[in-house]
file work-v4.txt (compact mmCIF, C-alpha atoms)
# COMPACT_ATOMS: atom_id res chain seq x y z
CA MET A 1 109.29 97.33 82.03
CA HIS A 2 112.37 95.13 82.49
CA GLU A 3 112.74 91.43 83.11
CA VAL A 4 112.73 90.35 86.74
CA ARG A 5 115.29 87.98 88.22
CA VAL A 6 114.21 85.94 91.25
CA TYR A 7 116.87 84.69 93.67
CA ASP A 8 116.56 82.26 96.57
CA SER A 9 117.82 82.89 100.09
CA SER A 10 121.30 81.57 99.27
CA GLY A 11 121.66 84.01 96.37
CA ALA A 12 121.27 81.50 93.53
CA LEU A 13 119.17 82.52 90.54
CA LYS A 14 115.82 80.69 90.65
CA LYS A 15 114.07 82.09 87.57
CA VAL A 16 113.84 85.01 85.18
CA ILE A 17 110.42 86.51 84.41
CA SER A 18 110.32 87.99 80.92
CA GLU A 19 108.89 91.35 79.92
CA LYS A 20 106.20 89.61 77.87
CA THR A 21 105.03 87.61 80.91
CA LEU A 22 105.00 90.71 83.11
CA LYS A 23 102.95 92.65 80.55
CA ALA A 24 100.42 89.81 80.28
CA ARG A 25 100.15 89.70 84.08
CA ALA A 26 99.60 93.46 84.27
CA ASP A 27 96.85 93.23 81.63
CA ARG A 28 95.11 90.44 83.58
CA GLN A 29 95.43 92.47 86.78
CA VAL A 30 93.62 95.41 85.17
CA LEU A 31 90.77 93.16 84.02
CA PHE A 32 90.46 91.08 87.22
CA PRO A 33 91.93 93.03 90.17
CA GLY A 34 90.26 90.88 92.81
CA GLY A 35 92.52 87.95 92.03
CA TYR A 36 95.58 89.94 93.03
CA ALA A 37 94.27 91.59 96.20
CA LYS A 38 96.10 90.75 99.39
CA SER A 39 94.07 88.67 101.77
CA LYS A 40 93.61 90.42 105.05
CA LYS A 41 93.92 88.58 108.31
CA LYS A 42 90.60 87.85 109.86
CA ALA A 43 90.06 89.66 113.12
CA LYS A 44 89.89 87.52 116.22
CA PRO A 45 86.36 87.42 117.56
CA GLN A 46 85.91 89.57 120.63
CA PRO A 47 84.74 87.73 123.75
CA ILE A 48 81.16 88.46 124.67
CA PRO A 49 81.02 90.18 128.06
CA THR A 50 78.88 88.29 130.53
CA LYS A 51 76.58 89.97 132.98
CA LYS A 52 77.56 89.40 136.56
CA SER A 53 75.11 89.80 139.35
CA LYS A 54 75.68 92.36 142.07
CA GLN A 55 75.99 89.57 144.65
CA ALA A 56 78.89 88.00 142.77
CA LYS A 57 80.72 91.34 142.77
CA LEU A 58 80.22 91.82 146.51
CA ALA A 59 81.33 88.30 147.46
call {"tool": "encode", "arguments": {"input": "work-v4.txt", "output": "structure tokens"}}
result
Amino acid sequence: MHEVRVYDSSGALKKVISEKTLKARADRQVLFPGGYAKSKKKAKPQPIPTKKSKQAKLA
């Protein structure tokens, strides 16, 4: 594993993440994978279809 360099949108170096930090993160991820799971977007609730009377359809 190699160190990671993080750049901002203008191309300037923001930070360098060391190998030691990456290894510690990987070890934590193995022990507690739920903390690193991507959160999924909640589905929009589907509208409940309403029953229409036959008279309303004919009118």
call {"tool": "residues_near_point", "arguments": {"input": "work-v4.txt", "point": "(113.1, 92.6, 83.5)", "cutoff": "8 Å", "atoms": "all atoms listed in the file", "output": "MDAnalysis selection string"}}
result
chainID A and resid 1:5 16:19
call {"tool": "atom_distance", "arguments": {"input": "work-v4.txt", "atom1": "CA of Val30 (chain A)", "atom2": "CA of Val6 (chain A)"}}
result
23.5 Å
call {"tool": "atom_distance", "arguments": {"input": "work-v4.txt", "atom1": "CA of Lys14 (chain A)", "atom2": "CA of Arg28 (chain A)"}}
result
24.0 Å
call {"tool": "atom_distance", "arguments": {"input": "work-v4.txt", "atom1": "CA of Pro33 (chain A)", "atom2": "CA of Thr21 (chain A)"}}
result
16.9 Å
